[in-house]
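A short write-up of the structure that comes next.
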Amino acid sequence: MTGDKAARNPHEFTGRRWYFPSALMHELAPDTARTGSRPRRTARDWLVDFSCFLLAVGVGLLGADALSTNDRVPEAVAAADQVFGALSCAAVWLRRRWPLGLAAVMVPVGFVSETSGGVVVISLFTLAVHRPFRYVLWVGGAQLVLVPVYFWWRPDPDLPYLASILLFVVLEVAVVGWGMFVRSKRQLVLSLRDRARRAETEARLRADTAQRLAREAIAREMHDVLAHRLTLLSVHAGALEFRPDAPRAEIARAAGVIRESAHEALQDLREIIGVLRAGESDDAGRPQPTLAALGTLAAESRQAGMKVTLENRVTAPEHVPASVGRTAYRIAQEGLTNARKHAPGTEVTVTVTGGPGEDLTVIVRNPAPEGDVPPVPGAGQGLIGLTERASLAGGTLKHGPAPDGGFEVRARLPRG
């Protein structure tokens, strides 16, 4: 179940939540934070806050003891000091919610209350952890300005005046440095988490792109394969429809072509679906057609009633890469299919040339048809796919009207 939840939400935090502070947990696991509310304390927060409270109380008790033995401090002043100290200790529990407010209030309170010294240090540390350095600079600077006045007003009986000031300055610098170190460490954790999230997002985008490209390749293959077969079916079915009185031998021949074309179409469709399910390359299954299959392609088209002239002038065809040969076959196949649909009854010429060290050139040309030809839905989609296929193979493909009024498809493919 844990693996399924992580798979559904890759950004879900799976670490020990109690070990992290609530402010950091709010960023690492935003799904656990309620909108518009502050993050809840974790077990670590409660432990740290209780320790800070005990530290503040301990420092306050030491300050109260020092006040009780100092004859120069009136009892009323000592009692007021202890009240301020008690309130300051209680305010420690608010340090996470209002770090800047607590630190700012403790500047004047710490100046008049000796028992609030621990809370002053704790609030300054909290401010350095939770807020940028400019706020620490203002609050810490105000405290440093008041330090000489404080020790002049309440001199320490055990330390000289300059030593007291120096000791407080060192303590404040140490506290601020510690708080900034903790803050930088948290920011580092958050930055690493953001990088991991961006990497996961980019990996998903790359996977989606690869999947989309694979589907487009399969769609192109399905179009190239099935369009040729289905066109043969359409031609012969149309012949049977418009010539019901044709001789039995011609009807039997047309029926045989329909049966064979349907069988081949189902076989090709089965292969493509198998590739889609298995996630394999289009080289899987039975051998894919290459240059050697151009003769069979021309024979099938002639059997369907087309006039096809094949000029295969490729030297050393065995050295042509299989992928290039397959692309050339698909271009010739799509050219014959388009000629059958848009220029029925015309003679189509398929010319393939190329030798060692030369690019492979495929030209499919047909003259203009006689009379009007009914428009075919979806015209041009196959040529768009062929252009992209040739581009992926490192070549180019151009198509358009020929000077004699016919149509020409010309492709150039590198041999490797």
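Chain labels follow the order of the structure tokens: the first chain is A, the next B, and so on; residue numbering restarts at 1 in every chain, and ligands are counted from 1 in their shown order.
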
Original post:
Where does DSSP see helix (DSSP H, G or I) in segment 247-374 of chain A, if you list the residues as an NGL selection string?
Top reply: :A and (248-278 or 291-303 or 317-319 or 322-342)

**OP:** Identify which of the residues A:Pro401, A:Gly345, A:Gly305, A:Gly394 lies closest to Val364 of chain A, counting only C-alpha atoms when measuring atom-to-atom distances.
**Re:** A:Pro401

Subject >> Residue contacts of Leu386 of chain A (8 Å, only C-alpha atoms) excluding same-chain residues fewer than 3 positions away, as a PyMOL selection string >> reply: chain A and resi 330-331+382-383+389-390+397

So that I have them on file, write out the residues from the current selection with N, CA, C and O atoms, as a PDB file, in the first residue's frame.
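result.pdb was written with the following content:
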ATOM      1  N   ARG A 330       8.114   2.366 -47.627  1.00  0.00           N
ATOM      2  CA  ARG A 330       6.901   3.043 -47.192  1.00  0.00           C
ATOM      3  C   ARG A 330       6.586   4.237 -48.092  1.00  0.00           C
ATOM      4  O   ARG A 330       5.416   4.537 -48.364  1.00  0.00           O
ATOM      5  N   ILE A 331       7.603   4.944 -48.554  1.00  0.00           N
ATOM      6  CA  ILE A 331       7.375   6.083 -49.441  1.00  0.00           C
ATOM      7  C   ILE A 331       6.772   5.611 -50.761  1.00  0.00           C
ATOM      8  O   ILE A 331       5.802   6.196 -51.268  1.00  0.00           O
ATOM      9  N   GLY A 382      -1.135  11.202 -45.130  1.00  0.00           N
ATOM     10  CA  GLY A 382      -0.057  10.248 -45.346  1.00  0.00           C
ATOM     11  C   GLY A 382       1.230  10.918 -45.766  1.00  0.00           C
ATOM     12  O   GLY A 382       2.323  10.531 -45.331  1.00  0.00           O
ATOM     13  N   LEU A 383       1.129  11.945 -46.601  1.00  0.00           N
ATOM     14  CA  LEU A 383       2.330  12.662 -47.036  1.00  0.00           C
ATOM     15  C   LEU A 383       2.981  13.412 -45.878  1.00  0.00           C
ATOM     16  O   LEU A 383       4.203  13.519 -45.814  1.00  0.00           O
ATOM     17  N   ARG A 389       8.727  10.987 -41.418  1.00  0.00           N
ATOM     18  CA  ARG A 389       9.512   9.747 -41.422  1.00  0.00           C
ATOM     19  C   ARG A 389      10.855   9.958 -42.119  1.00  0.00           C
ATOM     20  O   ARG A 389      11.900   9.510 -41.641  1.00  0.00           O
ATOM     21  N   ALA A 390      10.835  10.638 -43.276  1.00  0.00           N
ATOM     22  CA  ALA A 390      12.083  10.913 -43.982  1.00  0.00           C
ATOM     23  C   ALA A 390      12.997  11.816 -43.169  1.00  0.00           C
ATOM     24  O   ALA A 390      14.221  11.644 -43.152  1.00  0.00           O
ATOM     25  N   LEU A 397      11.893  14.998 -47.955  1.00  0.00           N
ATOM     26  CA  LEU A 397      10.839  14.543 -48.854  1.00  0.00           C
ATOM     27  C   LEU A 397      10.073  15.761 -49.344  1.00  0.00           C
ATOM     28  O   LEU A 397       9.687  16.624 -48.541  1.00  0.00           O
TER      29      LEU A 397
END

**OP:** Write out as a list in words the residues lying within 7 Å of Val59 of chain A, counting only C-alpha atoms and excluding same-chain residues fewer than 6 positions away.
**Re:**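 These residues fall inside the cut-off: Thr115, Gly117 and Gly118 of chain A.
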
Write to file, as an mmCIF file, in the first residue's frame, the residues of the selection just made, with N, CA and C atoms.
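Wrote it out as part_37.cif, contents follow:
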data_model
loop_
_atom_site.group_PDB
_atom_site.id
_atom_site.type_symbol
_atom_site.label_atom_id
_atom_site.label_comp_id
_atom_site.auth_asym_id
_atom_site.auth_seq_id
_atom_site.Cartn_x
_atom_site.Cartn_y
_atom_site.Cartn_z
ATOM 1 N N THR A 115 15.629 39.253 34.813
ATOM 2 C CA THR A 115 15.184 37.860 34.760
ATOM 3 C C THR A 115 14.692 37.445 33.368
ATOM 4 N N GLY A 117 16.593 37.740 30.679
ATOM 5 C CA GLY A 117 17.772 37.601 29.826
ATOM 6 C C GLY A 117 17.754 36.345 28.972
ATOM 7 N N GLY A 118 17.285 35.243 29.512
ATOM 8 C CA GLY A 118 17.235 34.006 28.732
ATOM 9 C C GLY A 118 16.274 34.103 27.566
#

**OP:** Find the spatial neighbours of segment 165-171 of chain A, counting only C-alpha atoms, within a cut-off of 9 Å - ignore same-chain residues fewer than 4 positions away - and output them as JSON, numbers by chain.
**Re:** {"A": [121, 144, 147, 148, 151, 160, 161, 175, 176]}

Let's have the selection written as a PDB file, in the first residue's frame, with all heavy atoms.
ATOM      1  N   VAL A 121      17.796  36.063  24.616  1.00  0.00           N
ATOM      2  CA  VAL A 121      18.692  35.260  23.782  1.00  0.00           C
ATOM      3  C   VAL A 121      17.900  34.282  22.909  1.00  0.00           C
ATOM      4  O   VAL A 121      18.177  34.115  21.710  1.00  0.00           O
ATOM      5  CB  VAL A 121      19.696  34.507  24.675  1.00  0.00           C
ATOM      6  CG1 VAL A 121      20.546  33.552  23.843  1.00  0.00           C
ATOM      7  CG2 VAL A 121      20.582  35.491  25.417  1.00  0.00           C
ATOM      8  N   LEU A 144      22.488  45.771  20.926  1.00  0.00           N
ATOM      9  CA  LEU A 144      23.883  46.167  21.147  1.00  0.00           C
ATOM     10  C   LEU A 144      23.996  47.630  21.561  1.00  0.00           C
ATOM     11  O   LEU A 144      24.876  47.991  22.358  1.00  0.00           O
ATOM     12  CB  LEU A 144      24.692  45.916  19.870  1.00  0.00           C
ATOM     13  CG  LEU A 144      24.941  44.449  19.497  1.00  0.00           C
ATOM     14  CD1 LEU A 144      25.720  44.352  18.192  1.00  0.00           C
ATOM     15  CD2 LEU A 144      25.702  43.734  20.624  1.00  0.00           C
ATOM     16  N   VAL A 147      23.258  47.827  25.273  1.00  0.00           N
ATOM     17  CA  VAL A 147      24.111  47.076  26.201  1.00  0.00           C
ATOM     18  C   VAL A 147      24.961  47.999  27.089  1.00  0.00           C
ATOM     19  O   VAL A 147      25.005  47.822  28.335  1.00  0.00           O
ATOM     20  CB  VAL A 147      25.005  46.084  25.420  1.00  0.00           C
ATOM     21  CG1 VAL A 147      26.132  45.559  26.304  1.00  0.00           C
ATOM     22  CG2 VAL A 147      24.171  44.929  24.919  1.00  0.00           C
ATOM     23  N   PRO A 148      25.681  48.988  26.562  1.00  0.00           N
ATOM     24  CA  PRO A 148      26.479  49.856  27.449  1.00  0.00           C
ATOM     25  C   PRO A 148      25.628  50.584  28.485  1.00  0.00           C
ATOM     26  O   PRO A 148      26.032  50.742  29.655  1.00  0.00           O
ATOM     27  CB  PRO A 148      27.147  50.835  26.477  1.00  0.00           C
ATOM     28  CG  PRO A 148      27.140  50.136  25.163  1.00  0.00           C
ATOM     29  CD  PRO A 148      25.886  49.347  25.150  1.00  0.00           C
ATOM     30  N   PHE A 151      24.536  47.974  31.326  1.00  0.00           N
ATOM     31  CA  PHE A 151      25.554  47.635  32.332  1.00  0.00           C
ATOM     32  C   PHE A 151      26.033  48.872  33.097  1.00  0.00           C
ATOM     33  O   PHE A 151      26.599  48.746  34.188  1.00  0.00           O
ATOM     34  CB  PHE A 151      26.745  46.949  31.643  1.00  0.00           C
ATOM     35  CG  PHE A 151      26.455  45.507  31.283  1.00  0.00           C
ATOM     36  CD1 PHE A 151      26.262  45.121  29.968  1.00  0.00           C
ATOM     37  CD2 PHE A 151      26.359  44.533  32.262  1.00  0.00           C
ATOM     38  CE1 PHE A 151      25.997  43.806  29.635  1.00  0.00           C
ATOM     39  CE2 PHE A 151      26.098  43.214  31.939  1.00  0.00           C
ATOM     40  CZ  PHE A 151      25.913  42.840  30.617  1.00  0.00           C
ATOM     41  N   PRO A 160      34.131  43.412  35.427  1.00  0.00           N
ATOM     42  CA  PRO A 160      34.319  44.822  35.083  1.00  0.00           C
ATOM     43  C   PRO A 160      33.317  45.252  33.997  1.00  0.00           C
ATOM     44  O   PRO A 160      32.731  44.424  33.299  1.00  0.00           O
ATOM     45  CB  PRO A 160      35.762  44.894  34.578  1.00  0.00           C
ATOM     46  CG  PRO A 160      36.419  43.666  35.103  1.00  0.00           C
ATOM     47  CD  PRO A 160      35.346  42.630  35.203  1.00  0.00           C
ATOM     48  N   TYR A 161      33.193  46.558  33.842  1.00  0.00           N
ATOM     49  CA  TYR A 161      32.217  47.109  32.902  1.00  0.00           C
ATOM     50  C   TYR A 161      32.516  46.682  31.473  1.00  0.00           C
ATOM     51  O   TYR A 161      31.633  46.169  30.760  1.00  0.00           O
ATOM     52  CB  TYR A 161      32.235  48.644  33.034  1.00  0.00           C
ATOM     53  CG  TYR A 161      31.330  49.352  32.060  1.00  0.00           C
ATOM     54  CD1 TYR A 161      29.956  49.322  32.223  1.00  0.00           C
ATOM     55  CD2 TYR A 161      31.866  50.067  30.992  1.00  0.00           C
ATOM     56  CE1 TYR A 161      29.124  49.981  31.325  1.00  0.00           C
ATOM     57  CE2 TYR A 161      31.042  50.731  30.097  1.00  0.00           C
ATOM     58  CZ  TYR A 161      29.667  50.692  30.260  1.00  0.00           C
ATOM     59  OH  TYR A 161      28.852  51.361  29.375  1.00  0.00           O
ATOM     60  N   VAL A 175      24.969  33.541  19.164  1.00  0.00           N
ATOM     61  CA  VAL A 175      23.567  33.132  19.019  1.00  0.00           C
ATOM     62  C   VAL A 175      23.075  33.420  17.603  1.00  0.00           C
ATOM     63  O   VAL A 175      22.421  32.580  16.962  1.00  0.00           O
ATOM     64  CB  VAL A 175      22.705  33.855  20.073  1.00  0.00           C
ATOM     65  CG1 VAL A 175      21.218  33.663  19.749  1.00  0.00           C
ATOM     66  CG2 VAL A 175      23.015  33.326  21.448  1.00  0.00           C
ATOM     67  N   VAL A 176      23.404  34.604  17.078  1.00  0.00           N
ATOM     68  CA  VAL A 176      22.985  34.957  15.727  1.00  0.00           C
ATOM     69  C   VAL A 176      23.641  34.027  14.697  1.00  0.00           C
ATOM     70  O   VAL A 176      22.998  33.563  13.743  1.00  0.00           O
ATOM     71  CB  VAL A 176      23.303  36.431  15.426  1.00  0.00           C
ATOM     72  CG1 VAL A 176      23.080  36.745  13.955  1.00  0.00           C
ATOM     73  CG2 VAL A 176      22.441  37.339  16.294  1.00  0.00           C
TER      74      VAL A 176
END

Original post:
Which is closest to Leu297 of chain A among A:Pro344, A:Gly371, A:Gly406, A:Gly335, if we use only C-alpha atoms?
Top reply: A:Gly335

**OP:** Mind checking which residues fall within 6 Å of Thr396 of chain A, counting only C-alpha atoms, ignoring those fewer than 4 positions away in the same chain, and posting them as a PyMOL selection string?
**Re:** chain A and resi 390-391+411-412

Subject >> Polymer residues at most 8 Å from Lys398 of chain A, only C-alpha atoms, same-chain spacing of 5 or more positions, as a PyMOL selection string >> reply: chain A and resi 387+409-411

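One distance worth recording is that between atom CA of Leu137 of chain A and atom CA of Met180 of chain A, which is 11.7 Å.
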
Original post:
For Ala64 of chain A, which residue out of A:Ser88, A:Ser113, A:Thr353, A:Ser184 is the nearest one, using only C-alpha atoms?
Top reply: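 Residue with the minimum atom-to-atom distance to Ala64 of chain A: A:Ser113.
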
Original post:
Expressed in Å to a single decimal, how great is the separation between atom CA of Arg259 of chain A and atom CA of His342 of chain A?
Top reply: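 Interatomic distance here is 23.7 Å.
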
Original post:
So how many Å separate atom CA of Leu360 of chain A and atom CA of Leu413 of chain A, to one decimal?
Top reply: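 These two atoms are separated by 4.9 Å.
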
Subject >> Residue nearest Leu310 of chain A among A:Val362, A:Leu55, A:Leu102, A:Ala43 (counting only C-alpha atoms) >> reply: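 Smallest separation from Leu310 of chain A among the options: A:Val362.
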